[in-house]
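Pasted below: entry02.txt, compact mmCIF, C-alpha atoms.
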```
# COMPACT_ATOMS: atom_id res chain seq x y z
CA MET V 1 -0.48 -42.69 86.08
CA GLY V 2 0.05 -45.37 83.46
CA PHE V 3 0.50 -46.13 79.78
CA VAL V 4 -2.65 -45.97 77.67
CA SER V 5 -0.84 -46.89 74.47
CA LEU V 6 2.66 -47.19 73.04
CA ARG V 7 3.69 -46.63 69.44
CA THR V 8 7.14 -47.60 68.18
CA ALA V 9 8.98 -46.96 64.92
CA ALA V 10 12.21 -48.81 64.03
CA PHE V 11 12.84 -49.46 67.74
CA ARG V 12 14.88 -52.63 68.25
CA ASN V 13 13.09 -55.58 66.63
CA LEU V 14 9.60 -54.32 67.46
CA ALA V 15 7.13 -54.00 64.62
CA ASP V 16 6.07 -50.47 63.72
CA ALA V 17 2.71 -50.44 65.46
CA GLU V 18 0.60 -48.90 68.20
CA THR V 19 -0.19 -51.18 71.14
CA ASP V 20 -3.12 -50.75 73.49
CA THR V 21 -1.82 -50.88 77.07
CA GLN V 22 -4.86 -49.54 78.87
CA GLY V 23 -4.97 -51.93 81.80
CA LYS V 24 -3.50 -52.39 85.25
CA ASP V 25 -1.72 -55.68 84.52
CA ILE V 26 -0.23 -56.52 81.13
CA PHE V 27 1.45 -59.88 80.45
CA LEU V 28 3.92 -60.29 77.58
CA VAL V 29 4.33 -63.96 76.69
CA GLY V 30 6.91 -65.29 74.25
CA GLU V 31 10.16 -67.11 73.72
CA ASN V 32 13.48 -65.42 74.37
CA GLY V 33 14.62 -62.98 71.72
CA GLN V 34 11.14 -62.18 70.41
CA GLY V 35 10.88 -58.64 71.76
CA LYS V 36 9.37 -58.83 75.26
CA THR V 37 12.25 -57.00 76.95
CA ASN V 38 12.49 -54.59 74.02
CA PHE V 39 8.89 -53.58 74.67
CA LEU V 40 9.67 -52.88 78.34
CA GLU V 41 12.71 -50.91 77.19
CA ALA V 42 10.52 -48.79 74.91
CA LEU V 43 8.21 -47.98 77.83
CA TYR V 44 11.20 -47.04 79.98
CA TYR V 45 12.59 -44.91 77.14
CA CYS V 46 9.38 -42.86 77.16
CA SER V 47 9.72 -42.37 80.92
CA TYR V 48 13.40 -41.47 81.24
CA GLY V 49 14.70 -40.79 77.76
CA SER V 50 17.28 -43.55 78.17
CA SER V 51 17.55 -47.33 78.19
CA PHE V 52 17.59 -49.34 81.42
CA ARG V 53 20.15 -51.59 79.73
CA GLY V 54 22.69 -48.78 79.77
CA VAL V 55 23.22 -48.76 75.99
CA ARG V 56 23.66 -45.80 73.67
CA ASP V 57 20.69 -44.42 71.78
CA GLY V 58 22.09 -45.58 68.45
CA GLU V 59 21.92 -49.20 69.61
CA LEU V 60 18.15 -48.93 69.97
CA VAL V 61 17.67 -48.41 66.23
CA ARG V 62 16.50 -51.47 64.33
CA THR V 63 19.21 -53.10 62.21
CA GLY V 64 19.18 -51.59 58.74
CA GLU V 65 17.50 -48.35 59.86
CA ASN V 66 19.03 -44.99 60.77
CA ASP V 67 16.46 -43.48 63.14
CA CYS V 68 13.90 -44.65 65.70
CA ALA V 69 11.08 -43.22 67.79
CA VAL V 70 8.74 -44.14 70.63
CA HIS V 71 5.49 -42.38 71.47
CA ALA V 72 3.40 -43.01 74.58
CA LYS V 73 -0.03 -41.85 75.61
CA LEU V 74 -0.10 -41.58 79.39
CA ALA V 75 -2.99 -41.34 81.80
CA THR V 76 -2.65 -38.73 84.53
CA PRO V 77 -4.52 -38.71 87.87
CA GLY V 78 -8.20 -37.97 87.68
CA ALA V 79 -11.39 -39.78 86.87
CA GLY V 80 -14.37 -39.26 84.63
CA PRO V 81 -14.44 -35.75 83.17
CA GLU V 82 -11.29 -34.90 85.14
CA ALA V 83 -9.21 -37.57 83.43
CA ARG V 84 -6.35 -36.14 81.41
CA PHE V 85 -3.70 -37.52 79.10
CA THR V 86 -0.08 -36.68 78.50
CA TRP V 87 1.94 -37.53 75.41
CA SER V 88 5.61 -38.43 75.70
CA GLN V 89 7.77 -38.86 72.62
CA VAL V 90 11.45 -39.64 72.23
CA THR V 91 13.06 -39.67 68.79
CA PHE V 92 16.59 -40.47 67.71
CA GLN V 93 17.23 -38.96 64.31
CA LYS V 94 20.47 -38.18 62.52
CA GLY V 95 22.41 -39.07 65.64
CA LYS V 96 20.49 -36.67 67.86
CA LYS V 97 17.87 -37.38 70.53
CA THR V 98 14.80 -35.19 70.94
CA ILE V 99 12.34 -35.49 73.84
CA THR V 100 8.92 -33.87 73.82
CA LEU V 101 6.15 -33.83 76.42
CA ASP V 102 2.72 -32.74 75.18
CA GLY V 103 4.43 -31.42 72.06
CA LYS V 104 6.86 -29.22 74.00
CA ARG V 105 10.51 -29.98 73.55
CA LEU V 106 12.38 -30.70 76.76
CA GLU V 107 15.94 -29.49 77.13
CA ASP V 108 16.63 -31.71 80.14
CA ARG V 109 15.70 -35.38 80.65
CA LYS V 110 14.89 -34.72 84.31
CA ASP V 111 11.79 -32.78 83.24
CA LEU V 112 10.37 -36.08 81.97
CA LEU V 113 10.70 -37.94 85.27
CA GLY V 114 7.28 -37.16 86.69
CA ALA V 115 5.27 -38.20 83.62
CA ALA V 116 5.23 -41.95 84.27
CA PRO V 117 7.94 -43.02 86.71
CA CYS V 118 8.90 -46.62 86.00
CA ILE V 119 10.73 -49.06 88.24
CA VAL V 120 12.23 -51.98 86.37
CA PHE V 121 12.99 -55.42 87.81
CA CYS V 122 15.52 -57.34 85.72
CA HIS V 123 18.29 -59.92 85.99
CA GLU V 124 20.98 -57.22 85.91
CA ASP V 125 19.74 -56.04 89.31
CA MET V 126 21.92 -58.79 90.78
CA GLU V 127 24.79 -56.33 90.38
CA PHE V 128 23.28 -54.20 93.13
CA ALA V 129 23.77 -57.09 95.54
CA ALA V 130 27.02 -58.62 94.32
CA GLY V 131 28.51 -56.26 91.75
CA PRO V 132 31.05 -53.43 92.01
CA PRO V 133 30.45 -50.41 94.31
CA GLU V 134 29.52 -48.13 91.43
CA ARG V 135 26.42 -50.23 90.68
CA ARG V 136 25.13 -49.81 94.24
CA ARG V 137 25.86 -46.08 94.06
CA TRP V 138 23.89 -45.94 90.82
CA PHE V 139 20.91 -47.69 92.42
CA PHE V 140 20.75 -45.43 95.47
CA ASP V 141 21.34 -42.31 93.38
CA GLN V 142 18.39 -43.35 91.23
CA THR V 143 16.30 -44.06 94.32
CA ARG V 144 16.91 -40.57 95.68
CA SER V 145 16.49 -38.83 92.32
CA LEU V 146 13.05 -40.36 91.69
CA ALA V 147 11.56 -38.22 94.45
CA ASP V 148 14.12 -35.42 94.75
CA PRO V 149 15.01 -33.55 91.51
CA VAL V 150 17.27 -31.21 93.49
CA TYR V 151 19.48 -34.18 94.35
CA LEU V 152 19.93 -34.84 90.65
CA GLU V 153 20.95 -31.22 90.09
CA ASP V 154 23.52 -31.39 92.93
CA PHE V 155 24.81 -34.68 91.54
CA ARG V 156 25.29 -33.18 88.09
CA SER V 157 27.01 -30.10 89.53
CA TYR V 158 29.36 -32.30 91.52
CA ARG V 159 30.21 -34.36 88.43
CA GLN V 160 30.88 -31.22 86.42
CA VAL V 161 33.32 -29.82 89.00
CA LEU V 162 34.91 -33.27 89.39
CA LYS V 163 35.45 -33.44 85.63
CA SER V 164 37.21 -30.05 85.68
CA ARG V 165 39.38 -31.07 88.64
CA ASN V 166 40.36 -34.35 87.00
CA LEU V 167 41.29 -32.53 83.80
CA VAL V 168 43.67 -30.27 85.74
CA LEU V 169 45.20 -33.31 87.46
CA LYS V 170 45.57 -35.21 84.20
CA GLU V 171 47.20 -32.30 82.37
CA ASN V 172 49.78 -31.84 85.15
CA ARG V 173 50.46 -35.53 85.86
CA GLY V 174 54.13 -36.43 85.64
CA SER V 175 55.30 -32.85 85.98
CA SER V 176 56.20 -30.46 88.76
CA PRO V 177 53.14 -28.19 88.77
CA GLY V 178 53.55 -24.54 89.48
CA ALA V 179 51.44 -21.94 91.20
CA GLU V 180 48.75 -21.99 88.49
CA PHE V 181 47.99 -25.65 89.27
CA HIS V 182 47.40 -24.91 92.95
CA THR V 183 45.43 -21.76 92.14
CA LEU V 184 43.04 -23.75 89.94
CA LEU V 185 42.53 -26.45 92.56
CA ASP V 186 42.16 -23.84 95.30
CA ALA V 187 39.17 -22.57 93.31
CA LEU V 188 37.72 -25.97 92.43
CA ASP V 189 38.11 -27.78 95.76
CA PRO V 190 35.64 -25.64 97.78
CA GLN V 191 33.06 -26.12 95.02
CA LEU V 192 33.63 -29.87 94.99
CA ALA V 193 33.39 -29.94 98.77
CA GLY V 194 30.14 -27.96 98.79
CA TYR V 195 28.31 -30.09 96.24
CA GLY V 196 29.82 -33.27 97.64
CA LEU V 197 28.67 -32.48 101.17
CA ARG V 198 25.08 -32.02 99.94
CA LEU V 199 25.22 -35.45 98.31
CA MET V 200 26.67 -37.01 101.46
CA GLU V 201 23.95 -35.61 103.70
CA LYS V 202 21.18 -36.86 101.43
CA ARG V 203 22.82 -40.22 100.84
CA ARG V 204 23.15 -40.81 104.57
CA ALA V 205 19.49 -39.93 105.13
CA GLU V 206 18.42 -42.08 102.18
CA ALA V 207 20.28 -45.14 103.48
CA GLU V 208 18.64 -44.80 106.89
CA ALA V 209 15.15 -44.38 105.46
CA PHE V 210 15.67 -47.19 102.97
CA SER V 211 16.73 -49.61 105.71
CA LEU V 212 13.50 -48.99 107.59
CA ILE V 213 11.60 -50.32 104.57
CA PHE V 214 14.05 -52.98 103.43
CA GLU V 215 14.85 -54.78 106.68
CA PRO V 216 11.29 -55.95 107.50
CA LEU V 217 10.76 -56.90 103.85
CA TYR V 218 13.77 -59.19 103.78
CA ARG V 219 12.85 -60.65 107.17
CA GLU V 220 9.31 -61.42 106.03
CA ILE V 221 10.39 -63.27 102.88
CA SER V 222 13.64 -64.93 103.98
CA GLY V 223 13.31 -65.27 107.74
CA LEU V 224 16.64 -63.45 108.24
CA ASP V 225 16.43 -60.30 110.33
CA GLY V 226 18.66 -57.31 110.91
CA ILE V 227 19.81 -56.68 107.32
CA THR V 228 20.34 -52.96 106.84
CA VAL V 229 22.05 -50.60 104.40
CA ARG V 230 25.13 -48.79 105.67
CA TYR V 231 26.37 -45.71 103.85
CA VAL V 232 30.18 -45.42 103.91
CA PRO V 233 31.34 -42.01 102.63
CA SER V 234 34.78 -41.61 101.10
CA TRP V 235 35.33 -38.30 102.88
CA LYS V 236 35.54 -38.51 106.66
CA GLU V 237 35.26 -34.74 107.18
CA ASP V 238 31.76 -33.29 107.44
CA THR V 239 32.25 -29.55 106.86
CA PRO V 240 33.10 -27.73 103.60
CA GLU V 241 36.26 -26.32 105.16
CA GLY V 242 37.35 -29.70 106.51
CA ILE V 243 36.75 -31.42 103.17
CA ALA V 244 38.56 -28.71 101.19
CA GLY V 245 41.51 -29.00 103.58
CA ASP V 246 41.56 -32.78 103.17
CA LEU V 247 41.51 -32.41 99.39
CA ALA V 248 44.49 -30.05 99.59
CA ARG V 249 46.41 -32.61 101.64
CA ARG V 250 45.62 -35.34 99.12
CA ARG V 251 46.72 -33.40 96.04
CA GLU V 252 50.07 -35.10 95.67
CA GLY V 253 48.45 -38.53 95.63
CA ASP V 254 45.71 -37.39 93.22
CA LEU V 255 48.34 -35.86 90.94
CA SER V 256 50.34 -39.09 90.79
CA PHE V 257 47.27 -40.94 89.45
CA GLY V 258 45.86 -38.05 87.43
CA VAL V 259 42.38 -38.37 89.02
CA SER V 260 40.58 -37.45 92.23
CA LEU V 261 40.89 -40.47 94.50
CA SER V 262 38.33 -39.41 97.09
CA GLY V 263 34.83 -38.00 97.13
CA PRO V 264 31.22 -39.12 96.68
CA HIS V 265 32.18 -40.81 93.40
CA ARG V 266 34.05 -43.28 95.64
CA ASP V 267 31.35 -43.73 98.29
CA ARG V 268 30.17 -47.22 99.17
CA TYR V 269 26.94 -48.84 100.33
CA VAL V 270 27.25 -52.02 102.34
CA PHE V 271 24.56 -54.53 103.29
CA VAL V 272 25.13 -55.39 106.92
CA ARG V 273 23.71 -58.02 109.27
CA LYS V 274 24.62 -58.09 112.95
CA GLY V 275 27.59 -55.81 112.36
CA HIS V 276 29.08 -57.82 109.49
CA GLU V 277 29.01 -57.39 105.73
CA PHE V 278 26.26 -59.64 104.36
CA SER V 279 26.19 -59.85 100.56
CA GLY V 280 29.76 -61.12 100.20
CA LYS V 281 28.94 -64.20 102.29
CA ALA V 282 25.35 -64.66 101.10
CA SER V 283 24.33 -67.52 98.84
CA THR V 284 23.31 -66.92 95.25
CA GLY V 285 19.67 -67.32 96.25
CA GLN V 286 20.01 -64.81 99.08
CA ARG V 287 21.66 -62.31 96.75
CA ARG V 288 18.95 -62.77 94.13
CA LEU V 289 16.29 -62.17 96.76
CA LEU V 290 18.20 -59.16 98.07
CA ALA V 291 18.31 -57.62 94.57
CA LEU V 292 14.61 -58.28 94.04
CA LEU V 293 13.58 -56.74 97.34
CA LEU V 294 15.77 -53.69 96.72
CA ARG V 295 13.42 -52.83 93.87
CA VAL V 296 10.34 -53.50 96.02
CA ALA V 297 11.72 -51.18 98.70
CA GLN V 298 12.57 -48.59 96.06
CA ALA V 299 8.99 -48.60 94.81
CA ARG V 300 7.53 -48.42 98.32
CA GLY V 301 9.85 -45.57 99.25
CA PHE V 302 8.88 -43.65 96.12
CA SER V 303 5.19 -43.97 96.99
CA GLU V 304 5.76 -42.89 100.59
CA LYS V 305 7.70 -39.78 99.55
CA THR V 306 5.55 -38.64 96.64
CA GLY V 307 2.09 -40.03 97.33
CA LYS V 308 2.19 -41.53 93.82
CA ASN V 309 2.50 -45.13 92.65
CA PRO V 310 4.99 -46.15 89.96
CA VAL V 311 4.65 -48.28 86.85
CA LEU V 312 6.42 -51.60 87.36
CA LEU V 313 8.34 -53.35 84.58
CA LEU V 314 9.10 -56.94 85.61
CA ASP V 315 11.38 -58.74 83.16
CA ASP V 316 11.36 -62.52 83.79
CA VAL V 317 11.32 -61.87 87.54
CA LEU V 318 9.05 -64.78 88.46
CA LEU V 319 11.05 -67.16 86.25
CA GLU V 320 13.91 -67.18 88.75
CA LEU V 321 11.73 -67.99 91.75
CA ASP V 322 10.31 -71.34 92.84
CA GLY V 323 6.60 -71.69 93.55
CA GLU V 324 6.76 -70.72 97.23
CA LYS V 325 9.02 -67.72 96.64
CA ARG V 326 6.73 -66.56 93.83
CA ARG V 327 3.79 -66.66 96.19
CA ARG V 328 5.70 -64.70 98.83
CA PHE V 329 6.96 -62.16 96.32
CA LEU V 330 3.47 -61.50 94.95
CA SER V 331 2.24 -61.06 98.51
CA ILE V 332 4.65 -58.16 99.15
CA MET V 333 4.40 -56.48 95.74
CA PRO V 334 4.48 -52.70 96.13
CA GLU V 335 1.46 -50.61 95.26
CA TYR V 336 1.49 -49.71 91.58
CA ASP V 337 -0.62 -47.95 89.00
CA GLN V 338 0.33 -50.41 86.29
CA ALA V 339 2.57 -53.47 85.89
CA PHE V 340 4.06 -55.15 82.84
CA TYR V 341 5.31 -58.74 83.22
CA THR V 342 7.25 -60.93 80.79
CA PHE V 343 6.80 -64.70 80.72
CA LEU V 344 8.05 -67.67 78.73
CA PRO V 345 5.25 -69.72 77.12
CA GLY V 346 5.84 -72.67 79.45
CA GLU V 347 5.36 -70.64 82.63
CA PRO V 348 2.06 -70.87 84.52
CA TYR V 349 1.24 -67.22 83.89
CA SER V 350 -2.48 -67.97 83.72
CA ARG V 351 -2.40 -68.55 87.49
CA TYR V 352 -1.61 -64.90 88.02
CA CYS V 353 -4.18 -63.50 85.59
CA LYS V 354 -6.99 -61.38 86.95
CA ASP V 355 -10.28 -60.72 85.22
CA ASP V 356 -8.95 -57.55 83.58
CA THR V 357 -5.39 -58.74 82.83
CA ILE V 358 -4.28 -58.06 79.25
CA VAL V 359 -2.19 -60.82 77.67
CA TYR V 360 -0.06 -60.27 74.57
CA TYR V 361 1.78 -63.03 72.72
CA VAL V 362 5.06 -61.72 71.36
CA GLU V 363 6.69 -63.22 68.29
CA ALA V 364 9.34 -61.64 66.05
CA GLY V 365 8.60 -58.21 67.46
CA THR V 366 4.85 -58.40 66.88
CA LEU V 367 2.35 -58.31 69.76
CA LEU V 368 -0.88 -60.24 69.31
CA ARG V 369 -3.55 -59.73 71.98
CA GLU V 370 -5.21 -62.76 73.51
CA SER V 371 -8.94 -62.86 72.91
CA LYS V 372 -11.11 -63.34 75.97
```
For the structure just supplied, provide its representation as structure tokens.
Amino acid sequence: MGFVSLRTAAFRNLADAETDTQGKDIFLVGENGQGKTNFLEALYYCSYGSSFRGVRDGELVRTGENDCAVHAKLATPGAGPEARFTWSQVTFQKGKKTITLDGKRLEDRKDLLGAAPCIVFCHEDMEFAAGPPERRRWFFDQTRSLADPVYLEDFRSYRQVLKSRNLVLKENRGSSPGAEFHTLLDALDPQLAGYGLRLMEKRRAEAEAFSLIFEPLYREISGLDGITVRYVPSWKEDTPEGIAGDLARRREGDLSFGVSLSGPHRDRYVFVRKGHEFSGKASTGQRRLLALLLRVAQARGFSEKTGKNPVLLLDDVLLELDGEKRRRFLSIMPEYDQAFYTFLPGEPYSRYCKDDTIVYYVEAGTLLRESK
């Protein structure tokens, strides 16, 4: 799997052009604000139908334009006469997004996931180590979803029932609800419990499997051992009946706030070392390394589960590491089908070039290929 070419139209500040990306390692070199990260974002957009920056589709449109589009030619497994290509296209036109794969319109973004799964390394990953609980939940939900589409379906179903339950709570907040209120929640709570329990079981298994990969990685690079991921569910019950009963007991408190105060949407993941929470006491350097290795472990776990290698998008990752840490990081890089790196012009990127590395110089949204 990998990108053979990428064509953009009115996407961010990128020039309307088709770029040859047929190589294992592609370096994007340029000053800040020239379009390096925007190019990675366009690749990611073709893989997931969304931005890794968490922005709305309308914000991806170049200033002064109304619509944008990205189109990728992807290589699929096979060699020689067996080699095949897949075409992924995402357009945002008249306020509406359309995703097509090989010319067929997709009704659900999840159907795009297997085309060219990307794992992005960026500065915002620090939030997984030191940010709010919802950022860690997002990371581990993504980790599970990459290899388990059913998990994504259960997650969506849970969110849909949660939305309905919260609407009932909000509409009745500040009043003395009658029998209809309890009848509605009596119908919704078992559904919430059922979907929530599926998420809990998979999250617990994911945390255990992830720790088996992550702990030796962190030990190898930092010298600190015993750092694991602990999953802390919001619900303490572990049967649908027990959870539904607990939700019934909590209704008065939920009603006073107008939202559901417990459930998988309140679960936590904690990094633990020798029985104590680690990230809160870790130095900035330790947190940065933790965030970086979370992505490495995510990529390795994906390969172990699926037998496939991802495409890596590394946005200024090496910039934040000193020479020794760069060497160590490159030594534990996960297996990948293709990797895109961004560099500032003053960085020693030539040290990391291989014979077949493609180097593009990026300026004002235009990519100019280095001649060999």
Pick out the closest residue to Glu59 of chain V from this set: V:Phe214, V:Phe11, V:Tyr361, V:Trp87. Count only C-alpha atoms.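 Checking each of V:Phe214, V:Phe11, V:Tyr361, V:Trp87 against Glu59 of chain V, counting only C-alpha atoms, the winner is V:Phe11.
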Which residues are near Ser5 of chain V? Cut-off 9 Å, all atoms listed in the file, ignore same chain within fewer than 4 positions. Put them as an MDAnalysis selection string. chainID V and resid 18:22 71:74
Quick one: write out the picked residues with C-alpha atoms as a PDB file, keeping the file's coordinate frame?
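Final output, saved to part33.pdb:
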```
ATOM      1  CA  GLU V  18       0.600 -48.900  68.200  1.00  0.00           C
ATOM      2  CA  THR V  19      -0.190 -51.180  71.140  1.00  0.00           C
ATOM      3  CA  ASP V  20      -3.120 -50.750  73.490  1.00  0.00           C
ATOM      4  CA  THR V  21      -1.820 -50.880  77.070  1.00  0.00           C
ATOM      5  CA  GLN V  22      -4.860 -49.540  78.870  1.00  0.00           C
ATOM      6  CA  HIS V  71       5.490 -42.380  71.470  1.00  0.00           C
ATOM      7  CA  ALA V  72       3.400 -43.010  74.580  1.00  0.00           C
ATOM      8  CA  LYS V  73      -0.030 -41.850  75.610  1.00  0.00           C
ATOM      9  CA  LEU V  74      -0.100 -41.580  79.390  1.00  0.00           C
TER      10      LEU V  74
END
```
Shell of 8 Å around Tyr341 of chain V, only C-alpha atoms, local chain residues under 6 positions omitted, as a VMD selection string: chain V and resid 25 to 28 313 to 316
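Restricting the calculation to all atoms listed in the file, the smallest distance between Leu112 of chain V and any of V:Thr37, V:Gln93, V:Thr86, V:Ser164 is found for V:Thr86.
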Once you add 4 Å to each side, what are the centre and edge lengths of the axis-aligned box holding all listed atoms of segment 83-99 of chain V? One decimal in Å, as JSON, if you can.
```
{"center_x": 6.6, "center_y": -37.8, "center_z": 73.0, "size_x": 39.6, "size_y": 13.3, "size_z": 28.9}
```
I'd like the interatomic distance between atom CA of Leu367 of chain V and atom CA of Thr63 of chain V, to a tenth of an Å. 19.2 Å
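Among the candidates V:Ala129, V:Thr76, V:Asp57, V:Lys24, the one nearest to Lys354 of chain V when counting only C-alpha atoms is V:Lys24.
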What's the 12 Å shell around Leu321 of chain V, counting all atoms listed in the file, without same-chain residues fewer than 3 positions away, as a PyMOL selection string? chain V and resi 123+285-286+288-289+292+316-318+324-330+347
Could you turn the residues from that selection into a file that holds C-alpha atoms, as a CSV table (one decimal), in the coordinates of the input?
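File written: again24.csv
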```
chain,number,residue,atom,x,y,z
V,123,HIS,CA,18.3,-59.9,86.0
V,285,GLY,CA,19.7,-67.3,96.2
V,286,GLN,CA,20.0,-64.8,99.1
V,288,ARG,CA,19.0,-62.8,94.1
V,289,LEU,CA,16.3,-62.2,96.8
V,292,LEU,CA,14.6,-58.3,94.0
V,316,ASP,CA,11.4,-62.5,83.8
V,317,VAL,CA,11.3,-61.9,87.5
V,318,LEU,CA,9.0,-64.8,88.5
V,324,GLU,CA,6.8,-70.7,97.2
V,325,LYS,CA,9.0,-67.7,96.6
V,326,ARG,CA,6.7,-66.6,93.8
V,327,ARG,CA,3.8,-66.7,96.2
V,328,ARG,CA,5.7,-64.7,98.8
V,329,PHE,CA,7.0,-62.2,96.3
V,330,LEU,CA,3.5,-61.5,95.0
V,347,GLU,CA,5.4,-70.6,82.6
```
If you measure from atom CA of Ser331 of chain V to atom CA of Asn309 of chain V, what distance in Å do you get, rounded to one decimal?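 We find that atom CA of Ser331 of chain V and atom CA of Asn309 of chain V lie 17.0 Å from each other.
A straight line drawn from atom CA of Tyr269 of chain V to atom CA of Arg137 of chain V is 6.9 Å long.
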Skip Arg273 of chain V itself and residues of its chain fewer than 2 positions away, then list as an mmCIF file with C-alpha atoms, in the frame of the given file all residues within 9 Å of it, counting all atoms listed in the file.
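Once written, result32.cif looks like this:
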```cif
data_model
loop_
_atom_site.group_PDB
_atom_site.id
_atom_site.type_symbol
_atom_site.label_atom_id
_atom_site.label_comp_id
_atom_site.auth_asym_id
_atom_site.auth_seq_id
_atom_site.Cartn_x
_atom_site.Cartn_y
_atom_site.Cartn_z
ATOM 1 C CA LEU V 224 16.640 -63.450 108.240
ATOM 2 C CA ASP V 225 16.430 -60.300 110.330
ATOM 3 C CA GLY V 226 18.660 -57.310 110.910
ATOM 4 C CA ILE V 227 19.810 -56.680 107.320
ATOM 5 C CA THR V 228 20.340 -52.960 106.840
ATOM 6 C CA PHE V 271 24.560 -54.530 103.290
ATOM 7 C CA GLY V 275 27.590 -55.810 112.360
ATOM 8 C CA HIS V 276 29.080 -57.820 109.490
ATOM 9 C CA GLU V 277 29.010 -57.390 105.730
ATOM 10 C CA PHE V 278 26.260 -59.640 104.360
#
```
Test item: residues at most 9 Å from Asp154 of chain V, all atoms listed in the file, excluding those fewer than 6 positions along its chain, as a list of chain:residue names: V:Tyr195, V:Gly196, V:Arg198, V:Leu199
At a cut-off of 9 Å from (10.0, -48.1, 75.9) in the coordinates of the file, what residues are picked up using all atoms listed in the file, written as a list in words? Leu6, Thr8, Phe11, Asn38, Phe39, Leu40, Glu41, Ala42, Leu43, Tyr44, Tyr45, Cys46, Ser47, Gly49, Ser50, Ser51, Val70, His71 and Ala72 of chain V
Select, from V:Thr366, V:Gln34, V:Gln298, V:Ser303, the residue with the minimum atom-to-atom distance to Leu217 of chain V, counting all atoms listed in the file. V:Gln298
Across V:Tyr218, V:Ala193, V:Asp267, V:Tyr48, the smallest distance to Phe140 of chain V, with all atoms listed in the file counted, is shown by V:Asp267
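In this comparison, which uses only C-alpha atoms, the residue of V:Val259, V:Leu192, V:Pro133, V:Ile99 approaching Val232 of chain V most closely is V:Pro133.
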The residues within 12 Å of (40.0, -34.2, 100.3), using all atoms listed in the file and the coordinates of the file, should be reported as a PDB file with C-alpha atoms, keeping the file's coordinate frame; which are they?
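Full text of out33.pdb as output:
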```pdb
ATOM      1  CA  LEU V 185      42.530 -26.450  92.560  1.00  0.00           C
ATOM      2  CA  ASP V 186      42.160 -23.840  95.300  1.00  0.00           C
ATOM      3  CA  LEU V 188      37.720 -25.970  92.430  1.00  0.00           C
ATOM      4  CA  ASP V 189      38.110 -27.780  95.760  1.00  0.00           C
ATOM      5  CA  PRO V 190      35.640 -25.640  97.780  1.00  0.00           C
ATOM      6  CA  GLN V 191      33.060 -26.120  95.020  1.00  0.00           C
ATOM      7  CA  LEU V 192      33.630 -29.870  94.990  1.00  0.00           C
ATOM      8  CA  ALA V 193      33.390 -29.940  98.770  1.00  0.00           C
ATOM      9  CA  GLY V 194      30.140 -27.960  98.790  1.00  0.00           C
ATOM     10  CA  GLY V 196      29.820 -33.270  97.640  1.00  0.00           C
ATOM     11  CA  LEU V 197      28.670 -32.480 101.170  1.00  0.00           C
ATOM     12  CA  PRO V 233      31.340 -42.010 102.630  1.00  0.00           C
ATOM     13  CA  SER V 234      34.780 -41.610 101.100  1.00  0.00           C
ATOM     14  CA  TRP V 235      35.330 -38.300 102.880  1.00  0.00           C
ATOM     15  CA  LYS V 236      35.540 -38.510 106.660  1.00  0.00           C
ATOM     16  CA  GLU V 237      35.260 -34.740 107.180  1.00  0.00           C
ATOM     17  CA  ASP V 238      31.760 -33.290 107.440  1.00  0.00           C
ATOM     18  CA  THR V 239      32.250 -29.550 106.860  1.00  0.00           C
ATOM     19  CA  PRO V 240      33.100 -27.730 103.600  1.00  0.00           C
ATOM     20  CA  GLU V 241      36.260 -26.320 105.160  1.00  0.00           C
ATOM     21  CA  GLY V 242      37.350 -29.700 106.510  1.00  0.00           C
ATOM     22  CA  ILE V 243      36.750 -31.420 103.170  1.00  0.00           C
ATOM     23  CA  ALA V 244      38.560 -28.710 101.190  1.00  0.00           C
ATOM     24  CA  GLY V 245      41.510 -29.000 103.580  1.00  0.00           C
ATOM     25  CA  ASP V 246      41.560 -32.780 103.170  1.00  0.00           C
ATOM     26  CA  LEU V 247      41.510 -32.410  99.390  1.00  0.00           C
ATOM     27  CA  ALA V 248      44.490 -30.050  99.590  1.00  0.00           C
ATOM     28  CA  ARG V 249      46.410 -32.610 101.640  1.00  0.00           C
ATOM     29  CA  ARG V 250      45.620 -35.340  99.120  1.00  0.00           C
ATOM     30  CA  ARG V 251      46.720 -33.400  96.040  1.00  0.00           C
ATOM     31  CA  GLU V 252      50.070 -35.100  95.670  1.00  0.00           C
ATOM     32  CA  GLY V 253      48.450 -38.530  95.630  1.00  0.00           C
ATOM     33  CA  ASP V 254      45.710 -37.390  93.220  1.00  0.00           C
ATOM     34  CA  SER V 260      40.580 -37.450  92.230  1.00  0.00           C
ATOM     35  CA  LEU V 261      40.890 -40.470  94.500  1.00  0.00           C
ATOM     36  CA  SER V 262      38.330 -39.410  97.090  1.00  0.00           C
ATOM     37  CA  GLY V 263      34.830 -38.000  97.130  1.00  0.00           C
ATOM     38  CA  PRO V 264      31.220 -39.120  96.680  1.00  0.00           C
ATOM     39  CA  ARG V 266      34.050 -43.280  95.640  1.00  0.00           C
TER      40      ARG V 266
END
```
